[in-house]
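Structure data (mmCIF, C-alpha atoms) from coords.cif:
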```cif
data_query
loop_
_atom_site.group_PDB
_atom_site.id
_atom_site.type_symbol
_atom_site.label_atom_id
_atom_site.label_comp_id
_atom_site.auth_asym_id
_atom_site.auth_seq_id
_atom_site.Cartn_x
_atom_site.Cartn_y
_atom_site.Cartn_z
ATOM 1 C CA MET A 1 -8.620 1.463 -12.434
ATOM 2 C CA LEU A 2 -5.750 -0.686 -11.245
ATOM 3 C CA VAL A 3 -6.386 -2.609 -8.041
ATOM 4 C CA ILE A 4 -3.197 -2.504 -6.023
ATOM 5 C CA SER A 5 -3.718 -5.692 -4.031
ATOM 6 C CA ASN A 6 -0.073 -5.862 -2.975
ATOM 7 C CA ILE A 7 -0.615 -2.909 -0.655
ATOM 8 C CA ARG A 8 -3.225 -4.909 1.251
ATOM 9 C CA GLY A 9 -0.998 -7.978 1.287
ATOM 10 C CA GLU A 10 2.034 -6.104 2.554
ATOM 11 C CA ARG A 11 -0.021 -4.271 5.155
ATOM 12 C CA SER A 12 -1.341 -7.596 6.418
ATOM 13 C CA ARG A 13 2.137 -9.135 6.333
ATOM 14 C CA GLN A 14 3.347 -6.319 8.591
ATOM 15 C CA ASP A 15 0.291 -6.898 10.816
ATOM 16 C CA LEU A 16 -0.868 -3.304 10.305
ATOM 17 C CA THR A 17 -4.459 -2.165 10.206
ATOM 18 C CA GLN A 18 -5.566 0.368 7.634
ATOM 19 C CA GLU A 19 -5.706 2.915 10.439
ATOM 20 C CA GLN A 20 -2.132 2.179 11.551
ATOM 21 C CA LEU A 21 -0.773 2.468 8.017
ATOM 22 C CA ALA A 22 -2.721 5.683 7.522
ATOM 23 C CA ASP A 23 -1.163 7.112 10.695
ATOM 24 C CA LYS A 24 2.338 6.191 9.517
ATOM 25 C CA LEU A 25 1.722 7.891 6.174
ATOM 26 C CA GLY A 26 -0.205 10.880 7.498
ATOM 27 C CA VAL A 27 -3.327 10.150 5.459
ATOM 28 C CA ALA A 28 -6.918 9.233 6.289
ATOM 29 C CA GLU A 29 -7.872 5.606 6.812
ATOM 30 C CA SER A 30 -10.364 5.959 3.972
ATOM 31 C CA THR A 31 -7.456 6.820 1.665
ATOM 32 C CA ILE A 32 -5.818 3.460 2.395
ATOM 33 C CA ARG A 33 -9.133 1.716 1.760
ATOM 34 C CA ARG A 34 -9.539 3.468 -1.610
ATOM 35 C CA TRP A 35 -5.986 2.513 -2.633
ATOM 36 C CA GLU A 36 -6.590 -1.110 -1.711
ATOM 37 C CA GLU A 37 -9.909 -1.160 -3.572
ATOM 38 C CA GLY A 38 -8.370 0.496 -6.617
ATOM 39 C CA THR A 39 -10.747 3.454 -6.472
ATOM 40 C CA THR A 40 -7.787 5.846 -6.351
ATOM 41 C CA ARG A 41 -4.047 5.511 -6.765
ATOM 42 C CA PRO A 42 -1.372 6.561 -4.298
ATOM 43 C CA SER A 43 1.033 9.296 -5.380
ATOM 44 C CA SER A 44 4.609 8.378 -6.173
ATOM 45 C CA ASP A 45 5.653 9.874 -2.826
ATOM 46 C CA MET A 46 3.171 7.664 -0.985
ATOM 47 C CA LEU A 47 4.312 4.602 -2.944
ATOM 48 C CA ALA A 48 7.914 5.346 -1.999
ATOM 49 C CA SER A 49 6.944 5.765 1.658
ATOM 50 C CA MET A 50 5.030 2.477 1.671
ATOM 51 C CA ALA A 51 7.919 0.677 -0.013
ATOM 52 C CA GLY A 52 10.151 1.906 2.801
ATOM 53 C CA ILE A 53 7.700 0.776 5.477
ATOM 54 C CA PHE A 54 7.148 -2.628 3.864
ATOM 55 C CA GLY A 55 10.728 -3.247 2.725
ATOM 56 C CA CYS A 56 9.748 -3.859 -0.888
ATOM 57 C CA THR A 57 9.894 -2.057 -4.223
ATOM 58 C CA THR A 58 7.330 0.330 -5.639
ATOM 59 C CA ASP A 59 7.097 -1.929 -8.703
ATOM 60 C CA TYR A 60 6.011 -4.766 -6.426
ATOM 61 C CA LEU A 61 3.348 -2.595 -4.795
ATOM 62 C CA LEU A 62 2.069 -1.651 -8.246
ATOM 63 C CA GLY A 63 1.951 -5.298 -9.309
ATOM 64 C CA LEU A 64 4.554 -4.764 -12.041
ATOM 65 C CA THR A 65 6.768 -7.522 -10.667
ATOM 66 C CA GLU A 66 6.280 -10.525 -8.424
ATOM 67 C CA GLU A 67 9.645 -9.968 -6.727
ATOM 68 C CA ARG A 68 9.408 -8.023 -3.488
ATOM 69 C CA LEU A 69 13.002 -6.726 -3.624
#
```
Could I get this file's structure written as structure tokens?
Amino acid sequence: MLVISNIRGERSRQDLTQEQLADKLGVAESTIRRWEEGTTRPSSDMLASMAGIFGCTTDYLLGLTEERL
């Protein structure tokens, strides 16, 4: 499964813990951990929400581009 390392990087860049990001998204902290590990994938709605929080594109979060915007 795809490891979405850009989620971890953007979360760190925003100085958010996994728990804080989980609270913002209304999901469990373990969900964030599984996304960052690549065990599971976020839904398109969750990707869109994270892109809004981080100020980047969903393609960047998915690792499809190196450009944030």
(message) List the spatial neighbours of region 42-59 of chain A as an MDAnalysis selection string - criterion: any atom at most 9 Å away, only C-alpha atoms, same-chain residues fewer than 3 positions off excluded.
(response) chainID A and resid 7 10:11 13:14 21 24:25 31:32 35 62:69
Export C-alpha atoms of the chosen residues as a CSV table (one decimal), keeping the file's coordinate frame?
```csv
chain,number,residue,atom,x,y,z
A,7,ILE,CA,-0.6,-2.9,-0.7
A,10,GLU,CA,2.0,-6.1,2.6
A,11,ARG,CA,0.0,-4.3,5.2
A,13,ARG,CA,2.1,-9.1,6.3
A,14,GLN,CA,3.3,-6.3,8.6
A,21,LEU,CA,-0.8,2.5,8.0
A,24,LYS,CA,2.3,6.2,9.5
A,25,LEU,CA,1.7,7.9,6.2
A,31,THR,CA,-7.5,6.8,1.7
A,32,ILE,CA,-5.8,3.5,2.4
A,35,TRP,CA,-6.0,2.5,-2.6
A,62,LEU,CA,2.1,-1.7,-8.2
A,63,GLY,CA,2.0,-5.3,-9.3
A,64,LEU,CA,4.6,-4.8,-12.0
A,65,THR,CA,6.8,-7.5,-10.7
A,66,GLU,CA,6.3,-10.5,-8.4
A,67,GLU,CA,9.6,-10.0,-6.7
A,68,ARG,CA,9.4,-8.0,-3.5
A,69,LEU,CA,13.0,-6.7,-3.6
```
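For the structure shown here, the set of residues caught by the PyMOL selection byres ((chain A and resi 34) around 12) is Met1, Leu2, Val3, Ile4, Ser5, Ile7, Arg8, Gln18, Ala22, Val27, Ala28, Glu29, Ser30, Thr31, Ile32, Arg33, Trp35, Glu36, Glu37, Gly38, Thr39, Thr40, Arg41 and Pro42 of chain A.
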If I wrap all listed atoms of region 14-23 of chain A in a box with edges along x, y and z and add 8 Å on each side, what are its centre and edge lengths in Å to one decimal, as AutoDock Vina command-line options?
```
--center_x -1.2 --center_y 0.1 --center_z 9.5 --size_x 25.1 --size_y 30.0 --size_z 20.0
```
Fix up region 50-62 of chain A with N, CA and C atoms, then write it as a PDB file, in the frame of the given file.
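In the end it all went to out07.pdb:
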```pdb
ATOM      1  N   MET A  50       5.500   3.837   1.359  1.00  0.00           N
ATOM      2  CA  MET A  50       5.030   2.477   1.671  1.00  0.00           C
ATOM      3  C   MET A  50       6.108   1.449   1.384  1.00  0.00           C
ATOM      4  N   ALA A  51       6.837   1.613   0.306  1.00  0.00           N
ATOM      5  CA  ALA A  51       7.919   0.677  -0.013  1.00  0.00           C
ATOM      6  C   ALA A  51       8.943   0.666   1.115  1.00  0.00           C
ATOM      7  N   GLY A  52       9.229   1.830   1.673  1.00  0.00           N
ATOM      8  CA  GLY A  52      10.151   1.906   2.801  1.00  0.00           C
ATOM      9  C   GLY A  52       9.607   1.220   4.044  1.00  0.00           C
ATOM     10  N   ILE A  53       8.337   1.416   4.318  1.00  0.00           N
ATOM     11  CA  ILE A  53       7.700   0.776   5.477  1.00  0.00           C
ATOM     12  C   ILE A  53       7.671  -0.733   5.314  1.00  0.00           C
ATOM     13  N   PHE A  54       7.331  -1.196   4.103  1.00  0.00           N
ATOM     14  CA  PHE A  54       7.148  -2.628   3.864  1.00  0.00           C
ATOM     15  C   PHE A  54       8.443  -3.346   3.499  1.00  0.00           C
ATOM     16  N   GLY A  55       9.479  -2.607   3.131  1.00  0.00           N
ATOM     17  CA  GLY A  55      10.728  -3.247   2.725  1.00  0.00           C
ATOM     18  C   GLY A  55      10.605  -3.939   1.376  1.00  0.00           C
ATOM     19  N   CYS A  56       9.922  -3.293   0.446  1.00  0.00           N
ATOM     20  CA  CYS A  56       9.748  -3.859  -0.888  1.00  0.00           C
ATOM     21  C   CYS A  56       9.912  -2.735  -1.917  1.00  0.00           C
ATOM     22  N   THR A  57       9.764  -3.063  -3.174  1.00  0.00           N
ATOM     23  CA  THR A  57       9.894  -2.057  -4.223  1.00  0.00           C
ATOM     24  C   THR A  57       8.531  -1.458  -4.570  1.00  0.00           C
ATOM     25  N   THR A  58       8.574  -0.285  -5.168  1.00  0.00           N
ATOM     26  CA  THR A  58       7.330   0.330  -5.639  1.00  0.00           C
ATOM     27  C   THR A  58       6.740  -0.488  -6.783  1.00  0.00           C
ATOM     28  N   ASP A  59       7.594  -1.077  -7.615  1.00  0.00           N
ATOM     29  CA  ASP A  59       7.097  -1.929  -8.703  1.00  0.00           C
ATOM     30  C   ASP A  59       6.297  -3.103  -8.152  1.00  0.00           C
ATOM     31  N   TYR A  60       6.747  -3.669  -7.044  1.00  0.00           N
ATOM     32  CA  TYR A  60       6.011  -4.766  -6.426  1.00  0.00           C
ATOM     33  C   TYR A  60       4.644  -4.283  -5.938  1.00  0.00           C
ATOM     34  N   LEU A  61       4.624  -3.126  -5.279  1.00  0.00           N
ATOM     35  CA  LEU A  61       3.348  -2.595  -4.795  1.00  0.00           C
ATOM     36  C   LEU A  61       2.375  -2.340  -5.935  1.00  0.00           C
ATOM     37  N   LEU A  62       2.912  -1.924  -7.080  1.00  0.00           N
ATOM     38  CA  LEU A  62       2.069  -1.651  -8.246  1.00  0.00           C
ATOM     39  C   LEU A  62       1.680  -2.914  -9.008  1.00  0.00           C
TER      40      LEU A  62
END
```
